[in-house]
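Working notes, beginning with the structure itself.
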Amino acid sequence: MKNLSFLKGKDFLKLLDLTPTQIEKLIFLAADFKKKKKAGKRHEYFKGKNIALIFEKTSTRTRCSFEVAARDLGMGVTYLDSQGSQIGKKESIADTARVLSGIYDGIEYRGFGQNLVEELATYASVPVWNGLTNEFHPTQILADFLTIHERFGKIKGIKLVYMGDARYNMGNSLMVGAAKMGMDFVACAPKKYQPAEDLVKTCKEIAAQTGGSITLEADPMVAVKDANVIYTDVWVSMGEPVSVWEERISELSPYQVNKALMDAAAENVVFMHCLPAFHDMKTTVGKEMGEKFNRTEMEVTDEVFESEKSIVFQEAENRMHTIKAVMAATL
């Protein structure tokens, strides 16, 4: 248990809070848990403990990953959605944190501003885990890096290009994680969709210490030269109004990941996406937006998404293994 709990009692809010060594240990712990699960070896190290999952934004992968990971570790789980909790409505975040800390051994929060999960952690006396905020998505990045390590046998020195809107949680978190792990990160987007200057400055300073690099580029073909990973996300984030679709499609269409872009990268390039993806019209939103704007695909073509270079479902599975590592390390 001592080897497991190397972050005992600490929160997991953003990768900026962790050292490269701590991030690497979480990835290796996740890989070990994955081997145990595949081999059918039970690892109920936390029997008798219970966790609360606060979801102000819904999710498939994050919820399923936390619930299965917790049960694999022997823990009980309570799920609280926006209708099942009084957080921020009839009860302040500070009061909610103190109430839940008396009942649970850990609290996950998935919602809006980073300030909310930070406040929750300030008042909680148990570990708090960030399942996603507008600014950061650290559990996703751990899964991404485990997947990259499985594919390439390393993380340091890998060139990762993020295509599209790089201003929010995925662009921010990939840039931070890449800087911490000595990767070469490129945010490829129009200037207005690039990450905030202060975060770019911080990440460049970190990368200078780890041997990585941070580059901002507007030309997709220039960006993907020698890229090992091309990564994208939906053009319109959860919670944003439908009205922004027209602007995003107009400005981000040149950044769609397609075969030509993949062919311009390194021979061993892989495609990654945090999901869900609008690669066809088989979803309600995809069909509605596709018909409205006369498009059958959005941020990635179906050809790339379904290709052998796509590792999105391995990446999705790894959410559970890395979340398990985060909970075990902090509990």
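Please note that chains go A, B, ... in the order of the structure tokens, that every chain numbers its residues from 1, and that ligands are numbered from 1 in the order shown.
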
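Per DSSP on the backbone, strand (DSSP E) in segment 57-161 of chain A comprises Gly76, Val77, Thr78, Tyr79, Leu80, Asp81, Gly106, Ile107, Glu108, Tyr109, Arg110, Val128, Trp129, Asn130, Gly131, Leu132, Lys159, Leu160 and Val161 of chain A.
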
Go ahead and save the residues from that selection, with C-alpha atoms, as a CSV table (one decimal), in the first residue's frame.
```csv
chain,number,residue,atom,x,y,z
A,76,GLY,CA,-18.5,2.1,-3.0
A,77,VAL,CA,-19.6,4.8,-5.4
A,78,THR,CA,-22.3,7.5,-5.2
A,79,TYR,CA,-23.1,9.4,-8.4
A,80,LEU,CA,-24.5,13.0,-8.1
A,81,ASP,CA,-25.6,14.8,-11.2
A,106,GLY,CA,-12.6,11.0,-2.0
A,107,ILE,CA,-14.6,13.4,-4.2
A,108,GLU,CA,-14.6,13.7,-8.0
A,109,TYR,CA,-15.8,16.9,-9.6
A,110,ARG,CA,-16.7,17.3,-13.3
A,128,VAL,CA,-10.5,15.9,-4.7
A,129,TRP,CA,-10.1,14.7,-8.3
A,130,ASN,CA,-10.7,16.9,-11.4
A,131,GLY,CA,-12.9,14.9,-13.8
A,132,LEU,CA,-13.0,18.0,-16.2
A,159,LYS,CA,5.9,15.1,-31.3
A,160,LEU,CA,2.2,15.8,-30.7
A,161,VAL,CA,0.2,18.2,-32.8
```

> So which residues touch Phe112 of chain A within 12 Å, counting only C-alpha atoms, skipping near sequence neighbours fewer than 4 positions away, as a list in words?
Replying inline: Ile54, Phe55, Glu56, Lys57, Thr58, Ser82, Gly88, Leu116, Val117, Glu118, Asn130, Gly131, Leu132, Thr133, Asn134, Glu135, Phe136, His137, Tyr168, Asn169, Ser237, Met238, Gly239 and Glu240 of chain A

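Reported to one decimal place, the separation of atom CA of Gly171 of chain A from atom CA of Phe66 of chain A is 22.7 Å.
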
> Could you pull the residues within 6 Å of His273 of chain A, counting only C-alpha atoms, minus those fewer than 6 positions along the same chain, as a ChimeraX atom specification?
Replying inline: /A:231-233,312

Produce a file of the selected residues containing all heavy atoms, as a PDB file, in the first residue's frame.
```pdb
ATOM      1  N   TYR A 231      -3.747  14.997 -32.854  1.00  0.00           N
ATOM      2  CA  TYR A 231      -4.824  14.944 -31.854  1.00  0.00           C
ATOM      3  C   TYR A 231      -5.829  16.044 -32.170  1.00  0.00           C
ATOM      4  O   TYR A 231      -5.460  17.157 -32.518  1.00  0.00           O
ATOM      5  CB  TYR A 231      -4.206  15.182 -30.474  1.00  0.00           C
ATOM      6  CG  TYR A 231      -5.025  14.717 -29.286  1.00  0.00           C
ATOM      7  CD1 TYR A 231      -4.530  13.753 -28.410  1.00  0.00           C
ATOM      8  CD2 TYR A 231      -6.284  15.239 -29.014  1.00  0.00           C
ATOM      9  CE1 TYR A 231      -5.253  13.330 -27.317  1.00  0.00           C
ATOM     10  CE2 TYR A 231      -7.019  14.825 -27.925  1.00  0.00           C
ATOM     11  CZ  TYR A 231      -6.501  13.867 -27.079  1.00  0.00           C
ATOM     12  OH  TYR A 231      -7.234  13.449 -26.000  1.00  0.00           O
ATOM     13  N   THR A 232      -7.099  15.732 -32.035  1.00  0.00           N
ATOM     14  CA  THR A 232      -8.112  16.777 -32.174  1.00  0.00           C
ATOM     15  C   THR A 232      -9.265  16.532 -31.217  1.00  0.00           C
ATOM     16  O   THR A 232      -9.310  15.503 -30.534  1.00  0.00           O
ATOM     17  CB  THR A 232      -8.622  16.866 -33.639  1.00  0.00           C
ATOM     18  OG1 THR A 232      -9.363  18.078 -33.799  1.00  0.00           O
ATOM     19  CG2 THR A 232      -9.502  15.679 -34.000  1.00  0.00           C
ATOM     20  N   ASP A 233     -10.174  17.482 -31.174  1.00  0.00           N
ATOM     21  CA  ASP A 233     -11.353  17.408 -30.312  1.00  0.00           C
ATOM     22  C   ASP A 233     -12.501  18.067 -31.074  1.00  0.00           C
ATOM     23  O   ASP A 233     -12.308  18.696 -32.110  1.00  0.00           O
ATOM     24  CB  ASP A 233     -11.075  18.126 -28.989  1.00  0.00           C
ATOM     25  CG  ASP A 233     -12.126  17.858 -27.921  1.00  0.00           C
ATOM     26  OD1 ASP A 233     -12.990  16.984 -28.149  1.00  0.00           O
ATOM     27  OD2 ASP A 233     -12.086  18.536 -26.881  1.00  0.00           O
ATOM     28  N   VAL A 312      -8.103   5.567 -30.874  1.00  0.00           N
ATOM     29  CA  VAL A 312      -9.023   6.279 -29.983  1.00  0.00           C
ATOM     30  C   VAL A 312      -9.711   5.363 -28.971  1.00  0.00           C
ATOM     31  O   VAL A 312     -10.019   5.802 -27.854  1.00  0.00           O
ATOM     32  CB  VAL A 312     -10.073   7.076 -30.775  1.00  0.00           C
ATOM     33  CG1 VAL A 312      -9.419   8.149 -31.622  1.00  0.00           C
ATOM     34  CG2 VAL A 312     -10.929   6.166 -31.643  1.00  0.00           C
TER      35      VAL A 312
END
```

> Which residues, written as a list of chain:residue names, have at least one atom at most 12 Å from Leu29 of chain A, with only C-alpha atoms counted and residues fewer than 3 positions away on the same chain left out?
Replying inline: A:Asn3, A:Leu4, A:Ser5, A:Phe6, A:Gln22, A:Ile23, A:Glu24, A:Lys25, A:Leu26, A:Asp32, A:Phe33, A:Lys34, A:Lys35, A:Lys36, A:Leu142, A:Ala143, A:Leu146, A:Asn318, A:His321, A:Thr322, A:Ile323, A:Lys324, A:Ala325, A:Val326, A:Met327, A:Ala328, A:Ala329

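Near Asp105 of chain A, within 10 Å and counting only C-alpha atoms, sit A:Gly9, A:Gly48, A:Lys49, A:Asn50, A:Ile51, A:Ala52, A:Met75, A:Gly76, A:Leu100, A:Ser125, A:Val126, A:Pro127, A:Val128, A:Leu331; same-chain residues fewer than 5 positions away were not included.
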
Convert the current residue selection to file output with N, CA and C atoms, as a PDB file, in the first residue's frame.
```pdb
ATOM      1  N   GLY A   9      -3.325  11.594   0.272  1.00  0.00           N
ATOM      2  CA  GLY A   9      -3.936  12.785   0.846  1.00  0.00           C
ATOM      3  C   GLY A   9      -3.919  14.002  -0.056  1.00  0.00           C
ATOM      4  N   GLY A  48     -14.052  -0.968   1.866  1.00  0.00           N
ATOM      5  CA  GLY A  48     -14.567  -0.176   2.977  1.00  0.00           C
ATOM      6  C   GLY A  48     -14.552   1.313   2.734  1.00  0.00           C
ATOM      7  N   LYS A  49     -13.850   1.737   1.672  1.00  0.00           N
ATOM      8  CA  LYS A  49     -13.833   3.162   1.351  1.00  0.00           C
ATOM      9  C   LYS A  49     -14.959   3.487   0.368  1.00  0.00           C
ATOM     10  N   ASN A  50     -15.354   4.744   0.344  1.00  0.00           N
ATOM     11  CA  ASN A  50     -16.439   5.207  -0.534  1.00  0.00           C
ATOM     12  C   ASN A  50     -16.069   6.541  -1.164  1.00  0.00           C
ATOM     13  N   ILE A  51     -16.513   6.732  -2.398  1.00  0.00           N
ATOM     14  CA  ILE A  51     -16.229   7.997  -3.079  1.00  0.00           C
ATOM     15  C   ILE A  51     -17.521   8.598  -3.627  1.00  0.00           C
ATOM     16  N   ALA A  52     -17.507   9.930  -3.781  1.00  0.00           N
ATOM     17  CA  ALA A  52     -18.634  10.653  -4.369  1.00  0.00           C
ATOM     18  C   ALA A  52     -18.204  11.222  -5.715  1.00  0.00           C
ATOM     19  N   MET A  75     -14.184  -0.187  -3.685  1.00  0.00           N
ATOM     20  CA  MET A  75     -14.862   0.952  -3.078  1.00  0.00           C
ATOM     21  C   MET A  75     -16.319   1.071  -3.503  1.00  0.00           C
ATOM     22  N   GLY A  76     -17.093   1.719  -2.665  1.00  0.00           N
ATOM     23  CA  GLY A  76     -18.460   2.072  -3.007  1.00  0.00           C
ATOM     24  C   GLY A  76     -18.496   3.409  -3.709  1.00  0.00           C
ATOM     25  N   LEU A 100     -19.508  16.325   2.421  1.00  0.00           N
ATOM     26  CA  LEU A 100     -19.084  15.095   1.743  1.00  0.00           C
ATOM     27  C   LEU A 100     -17.816  14.513   2.352  1.00  0.00           C
ATOM     28  N   SER A 125     -11.569  17.760   3.252  1.00  0.00           N
ATOM     29  CA  SER A 125     -10.490  17.153   4.037  1.00  0.00           C
ATOM     30  C   SER A 125     -10.099  15.794   3.481  1.00  0.00           C
ATOM     31  N   VAL A 126     -10.627  15.457   2.296  1.00  0.00           N
ATOM     32  CA  VAL A 126     -10.281  14.219   1.587  1.00  0.00           C
ATOM     33  C   VAL A 126      -9.808  14.600   0.187  1.00  0.00           C
ATOM     34  N   PRO A 127      -9.126  13.701  -0.534  1.00  0.00           N
ATOM     35  CA  PRO A 127      -8.663  14.032  -1.887  1.00  0.00           C
ATOM     36  C   PRO A 127      -9.801  14.399  -2.825  1.00  0.00           C
ATOM     37  N   VAL A 128      -9.562  15.419  -3.647  1.00  0.00           N
ATOM     38  CA  VAL A 128     -10.502  15.852  -4.677  1.00  0.00           C
ATOM     39  C   VAL A 128      -9.842  15.640  -6.037  1.00  0.00           C
ATOM     40  N   LEU A 331      -5.291   8.002  -2.309  1.00  0.00           N
ATOM     41  CA  LEU A 331      -5.955   7.429  -1.135  1.00  0.00           C
ATOM     42  C   LEU A 331      -4.994   6.599  -0.283  1.00  0.00           C
TER      43      LEU A 331
END
```

> Running DSSP on the backbone, which parts of segment 7-185 of chain A land in alpha helix (DSSP H), as an MDAnalysis selection string?
Replying inline: chainID A and resid 20:38 61:72 93:101 114:123 138:152 169:180

Save the residues we just selected, C-alpha atoms, as a compact mmCIF listing (two decimals), in the first residue's frame?
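Once written, out.txt looks like this:
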```txt
# COMPACT_ATOMS: atom_id res chain seq x y z
CA PRO A 20 7.32 14.89 -14.18
CA THR A 21 8.34 12.02 -11.90
CA GLN A 22 4.91 11.93 -10.25
CA ILE A 23 3.17 11.93 -13.64
CA GLU A 24 5.41 9.11 -14.84
CA LYS A 25 4.70 7.08 -11.68
CA LEU A 26 0.95 7.49 -12.23
CA ILE A 27 1.31 6.22 -15.81
CA PHE A 28 3.38 3.20 -14.73
CA LEU A 29 0.94 2.45 -11.89
CA ALA A 30 -1.92 2.57 -14.41
CA ALA A 31 -0.03 0.17 -16.69
CA ASP A 32 0.38 -2.22 -13.75
CA PHE A 33 -3.32 -2.02 -12.90
CA LYS A 34 -4.14 -2.70 -16.56
CA LYS A 35 -2.00 -5.85 -16.53
CA LYS A 36 -3.70 -7.03 -13.34
CA LYS A 37 -7.17 -6.46 -14.79
CA LYS A 38 -6.35 -8.21 -18.06
CA ARG A 61 -16.06 7.75 -20.37
CA THR A 62 -15.37 9.72 -17.19
CA ARG A 63 -18.33 8.36 -15.26
CA CYS A 64 -17.85 4.76 -16.36
CA SER A 65 -14.11 4.95 -15.72
CA PHE A 66 -14.49 6.29 -12.18
CA GLU A 67 -17.25 3.83 -11.28
CA VAL A 68 -15.52 0.70 -12.63
CA ALA A 69 -12.12 1.77 -11.29
CA ALA A 70 -13.57 2.38 -7.83
CA ARG A 71 -15.35 -0.98 -7.75
CA ASP A 72 -12.23 -2.78 -8.96
CA ILE A 93 -19.27 24.61 -2.53
CA ALA A 94 -17.48 25.10 0.77
CA ASP A 95 -20.35 23.55 2.74
CA THR A 96 -20.74 20.71 0.24
CA ALA A 97 -17.03 19.92 0.52
CA ARG A 98 -17.21 19.67 4.29
CA VAL A 99 -20.40 17.61 4.28
CA LEU A 100 -19.08 15.09 1.74
CA SER A 101 -15.71 14.90 3.49
CA GLN A 114 -11.40 25.43 -12.54
CA ASN A 115 -12.02 27.77 -9.61
CA LEU A 116 -14.92 25.52 -8.53
CA VAL A 117 -12.87 22.33 -8.19
CA GLU A 118 -10.07 24.35 -6.56
CA GLU A 119 -12.56 25.72 -3.99
CA LEU A 120 -13.95 22.24 -3.41
CA ALA A 121 -10.41 21.01 -2.68
CA THR A 122 -9.70 23.94 -0.37
CA TYR A 123 -12.57 23.03 1.96
CA PRO A 138 -5.91 16.04 -16.35
CA THR A 139 -7.29 12.49 -16.16
CA GLN A 140 -7.68 12.46 -19.95
CA ILE A 141 -4.04 13.42 -20.45
CA LEU A 142 -2.82 10.56 -18.27
CA ALA A 143 -4.83 8.16 -20.43
CA ASP A 144 -3.40 9.78 -23.57
CA PHE A 145 0.15 9.42 -22.31
CA LEU A 146 -0.33 5.78 -21.25
CA THR A 147 -1.64 5.11 -24.77
CA ILE A 148 1.32 6.91 -26.36
CA HIS A 149 3.75 4.94 -24.20
CA GLU A 150 2.07 1.67 -25.19
CA ARG A 151 2.39 2.61 -28.86
CA PHE A 152 5.89 4.10 -28.97
CA ASN A 169 -9.27 22.11 -21.39
CA MET A 170 -7.80 19.71 -23.97
CA GLY A 171 -5.44 22.15 -25.66
CA ASN A 172 -4.33 23.51 -22.28
CA SER A 173 -3.87 20.14 -20.62
CA LEU A 174 -2.04 18.50 -23.53
CA MET A 175 0.33 21.47 -23.67
CA VAL A 176 1.01 21.30 -19.92
CA GLY A 177 1.44 17.52 -19.96
CA ALA A 178 3.73 17.65 -23.00
CA ALA A 179 5.89 20.31 -21.37
CA LYS A 180 6.16 18.29 -18.16
```

> Taking only C-alpha atoms into account, which of A:Lys292, A:Lys90, A:Lys41, A:Lys287 comes nearest Trp245 of chain A?
Replying inline: A:Lys292

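Among the candidates A:Gly182, A:Lys259, A:Ala218, A:Ala277, the residue lying nearest to Glu205 of chain A is A:Gly182 (atoms considered: only C-alpha atoms).
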